[in-house]
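Contents: one structure, followed by commentary.
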Amino acid sequence: MEHRRLGRTGRDVSVIGFGAWGIGGADWGETSDDESLASLHAAADAGVTFIDTADVYGDGRSERVIGRFLRQRAGEPFFVATKMVRRAPLDPALYTPDQLRAWLDRSRENLGVETIDLVQLHCPPTQTYYMPEIFDALDALVAARVIAAYGVSVEKVEEALKAIEYPGVAAVQIIFNMFRQRPAELFLREAARRDVGVIARVPLVSGLLTGRMSAQTAFAATDHRVYNRDGAAFDKGETFGGVPFEVGLAAVEELRPLVPGGITMAQWALRWILQHEGITTAIPGAKTPEQARANAAAADAPAIPAETMAAVREIYDTRIRPHVHHRW
């Protein structure tokens, strides 16, 4: 497993991480804590050291499962990032020092740690990035060793570019995949220049880039791929990258002939992300040990030739770009 330095944290992390939204047991259908633990162990055995969660994933369930995992693997060098602020209405006036500390104390208890490796503001309103007092409060929490570092999880490239103007921002989590390519135009370069780590989320476009979905694929009623396709619950871009499902399926069929033998479409799509300068780690989800091992194997996938990269870009420009590029 390749490792890269996560920006200003100074820590090396695996290029394939473990996205722990799904193991919260909410928004992705039902899950089992025992199978979630087994998935975490399978990822760790395959070399994964970076785990990303949030306090709202299953109302803390994801963090608590990870806390159990950390106790079972005590002494091993895992890097756990969590997120906060979405337990309250999306109003940055509520992000006071006392409230930030209260959220973090709950996450520390859930995870069973004294100091959180990285906390990220969880897709807050855009005006948050123009409130330096919030970032001053995060600096104070670093000084108090409540957190070792902080960053942001953003919806828009513009938010990411504003966030990295703050010297304390160590990492940015952003949607980046074959169907959301705008970050590669400017942001990745600027993040690298400022020594900011980049965490690529929604790397498989909510499963579209596994190549296993069809127009007949059925999802549980509790799955955000049912209830959030139009952004009814949270930002539309979090579900299928904001791409209409049928459009995404058609693009996948155009991509399919480009996938080389010996690897899955999902592994190929993850390799595409890692091939971009400025990316630190990609965080696909895994609800089973088999998925976790397959994700980790993407780190060893062969490099994608330049002509194939160009072909992927052409499919994006033709089919996907009109739906997403101007929005996020």
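By convention here, the chains of the structure tokens are called A, B, ... in the order presented, each chain's residues are numbered starting at 1, and ligands are numbered starting at 1 in the order presented.
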Handout entry: Residues of segment 135-298 of chain A in helix (DSSP H, G or I), written as an NGL selection string
Key = :A and (135-143 or 157-163 or 182-184 or 187-193 or 205-210 or 224-227 or 236-238 or 240-242 or 245-258 or 265-274 or 289-298)
Test item: residues at most 6 Å from segment 172-188 of chain A, only C-alpha atoms, excluding those fewer than 5 positions along its chain, as a short mmCIF file (atom, residue, chain, number, x, y, z; two decimals) with C-alpha atoms, in the first residue's frame:
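File selection.cif, as written:
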data_model
loop_
_atom_site.label_atom_id
_atom_site.label_comp_id
_atom_site.auth_asym_id
_atom_site.auth_seq_id
_atom_site.Cartn_x
_atom_site.Cartn_y
_atom_site.Cartn_z
CA GLY A 151 -9.69 20.80 7.85
CA VAL A 152 -12.91 21.20 5.92
CA SER A 153 -15.24 19.03 3.90
CA VAL A 154 -16.71 21.14 1.10
CA VAL A 198 -6.75 16.40 -0.32
CA ILE A 199 -9.21 13.64 0.56
CA ALA A 200 -11.32 12.52 -2.42
CA ARG A 201 -14.80 11.51 -1.37
CA VAL A 202 -17.66 9.92 -3.35
CA PRO A 203 -14.91 8.30 -5.46
CA GLY A 278 -2.34 16.77 -5.32
#
Problem - Test item: residues at most 8 Å from segment 29-44 of chain A, only C-alpha atoms, excluding those fewer than 3 positions along its chain, as JSON, numbers by chain - result: {"A": [18, 22, 23, 24, 25, 26, 47, 48, 49, 65, 66, 68, 69, 219, 220, 221, 222, 223, 286, 287, 288, 289, 290, 291, 292, 293, 296]}
Just the selected residues (N, CA and C atoms), exported as a compact mmCIF listing (two decimals), in the first residue's frame, please.
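Written output follows (out_29.txt):
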# COMPACT_ATOMS: atom_id res chain seq x y z
N PHE A 18 -10.71 4.34 4.16
CA PHE A 18 -11.98 3.66 4.45
C PHE A 18 -13.01 4.74 4.74
N GLY A 22 -21.21 4.55 5.28
CA GLY A 22 -22.09 3.39 5.13
C GLY A 22 -22.23 2.56 6.39
N ILE A 23 -21.18 2.48 7.21
CA ILE A 23 -21.27 1.63 8.39
C ILE A 23 -21.99 2.31 9.55
N GLY A 24 -22.47 3.52 9.32
CA GLY A 24 -23.30 4.17 10.33
C GLY A 24 -24.70 3.60 10.38
N GLY A 25 -25.06 2.80 9.38
CA GLY A 25 -26.37 2.18 9.38
C GLY A 25 -27.49 3.15 9.02
N ALA A 26 -27.14 4.24 8.41
CA ALA A 26 -28.14 5.21 7.95
C ALA A 26 -27.72 5.70 6.57
N GLY A 47 -3.64 -3.01 4.40
CA GLY A 47 -2.74 -1.86 4.41
C GLY A 47 -3.39 -0.51 4.57
N VAL A 48 -4.71 -0.45 4.71
CA VAL A 48 -5.40 0.83 4.87
C VAL A 48 -5.15 1.38 6.26
N THR A 49 -4.73 2.64 6.33
CA THR A 49 -4.47 3.28 7.62
C THR A 49 -5.34 4.50 7.86
N VAL A 65 -18.38 2.31 16.28
CA VAL A 65 -17.83 1.09 15.68
C VAL A 65 -16.33 1.25 15.46
N ILE A 66 -15.92 2.39 14.97
CA ILE A 66 -14.49 2.64 14.76
C ILE A 66 -13.75 2.63 16.10
N ARG A 68 -14.47 0.80 18.67
CA ARG A 68 -14.26 -0.62 19.00
C ARG A 68 -13.11 -1.20 18.19
N PHE A 69 -13.08 -0.86 16.92
CA PHE A 69 -11.99 -1.33 16.05
C PHE A 69 -10.63 -0.85 16.57
N PHE A 219 -32.97 0.11 -4.55
CA PHE A 219 -32.32 0.54 -3.32
C PHE A 219 -33.34 0.55 -2.19
N ALA A 220 -32.88 0.37 -0.97
CA ALA A 220 -33.78 0.43 0.18
C ALA A 220 -34.35 1.84 0.32
N ALA A 221 -35.53 1.93 0.90
CA ALA A 221 -36.16 3.24 1.08
C ALA A 221 -35.32 4.15 1.95
N THR A 222 -34.49 3.57 2.83
CA THR A 222 -33.64 4.36 3.72
C THR A 222 -32.33 4.77 3.07
N ASP A 223 -32.13 4.43 1.82
CA ASP A 223 -30.90 4.71 1.09
C ASP A 223 -31.01 6.08 0.42
N ALA A 286 -17.13 0.75 2.33
CA ALA A 286 -17.14 -0.71 2.28
C ALA A 286 -18.04 -1.22 3.40
N LYS A 287 -19.01 -2.03 3.05
CA LYS A 287 -19.90 -2.62 4.06
C LYS A 287 -19.63 -4.10 4.27
N THR A 288 -18.69 -4.66 3.47
CA THR A 288 -18.31 -6.06 3.64
C THR A 288 -16.80 -6.17 3.54
N PRO A 289 -16.22 -7.22 4.12
CA PRO A 289 -14.77 -7.42 4.00
C PRO A 289 -14.32 -7.55 2.56
N GLU A 290 -15.14 -8.18 1.73
CA GLU A 290 -14.76 -8.36 0.32
C GLU A 290 -14.63 -7.00 -0.37
N GLN A 291 -15.57 -6.11 -0.11
CA GLN A 291 -15.48 -4.77 -0.69
C GLN A 291 -14.24 -4.04 -0.19
N ALA A 292 -13.95 -4.17 1.09
CA ALA A 292 -12.79 -3.49 1.66
C ALA A 292 -11.49 -3.97 1.02
N ARG A 293 -11.37 -5.28 0.85
CA ARG A 293 -10.15 -5.82 0.22
C ARG A 293 -10.04 -5.39 -1.24
N ALA A 296 -8.88 -1.74 -1.43
CA ALA A 296 -7.47 -1.59 -1.11
C ALA A 296 -6.58 -2.02 -2.27
Practice task
Tell me, as a VMD selection string, which residues lie within 12 Å of segment 317-323 of chain A, counting only C-alpha atoms; anything in the same chain fewer than 4 positions away does not count.
Solution key: chain A and resid 177 to 182 236 to 237 240 to 255 310 to 313 327 to 328
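Atom CA of Leu111 of chain A lies 23.7 Å from atom CA of Ile134 of chain A.
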Each segment 77-103 of chain A residue no farther than 10 Å from segment 113-126 of chain A, nearest pair in Å, only C-alpha atoms, as a tab-separated table:
residue	atom	partner	partner_atom	distance
A:Phe78	CA	A:Asp117	CA	9.2
A:Phe79	CA	A:Asp117	CA	6.2
A:Val80	CA	A:Asp117	CA	5.8
A:Ala81	CA	A:Leu118	CA	4.6
A:Thr82	CA	A:Val119	CA	5.0
A:Lys83	CA	A:Gln120	CA	4.5
A:Met84	CA	A:His122	CA	5.4
A:Val85	CA	A:His122	CA	6.0
A:Arg86	CA	A:His122	CA	6.4
A:Arg87	CA	A:His122	CA	9.7
A:Pro89	CA	A:Pro124	CA	9.7
A:Leu90	CA	A:Pro124	CA	6.4
A:Asp91	CA	A:Pro125	CA	7.1
A:Pro92	CA	A:Pro125	CA	7.0
A:Tyr95	CA	A:Leu121	CA	9.9
A:Leu100	CA	A:Leu121	CA	9.8
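With only C-alpha atoms as the atoms that count, the residue of A:Val142, A:Ala160, A:Ile263, A:Ala233 with the shortest distance to Ala294 of chain A is A:Ile263.
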Handout entry: Atomic separation - atom CA of Tyr129 of chain A relative to atom CA of Arg194 of chain A, Å
Key = 17.0 Å
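From atom CA of Arg271 of chain A back to atom CA of Ile283 of chain A, the distance works out to 12.0 Å.
Of the residues under consideration (A:Gly285, A:Arg256, A:Leu204, A:Ala306), A:Gly285 shows the shortest atom-to-atom contact distance to Thr53 of chain A when counting only C-alpha atoms.
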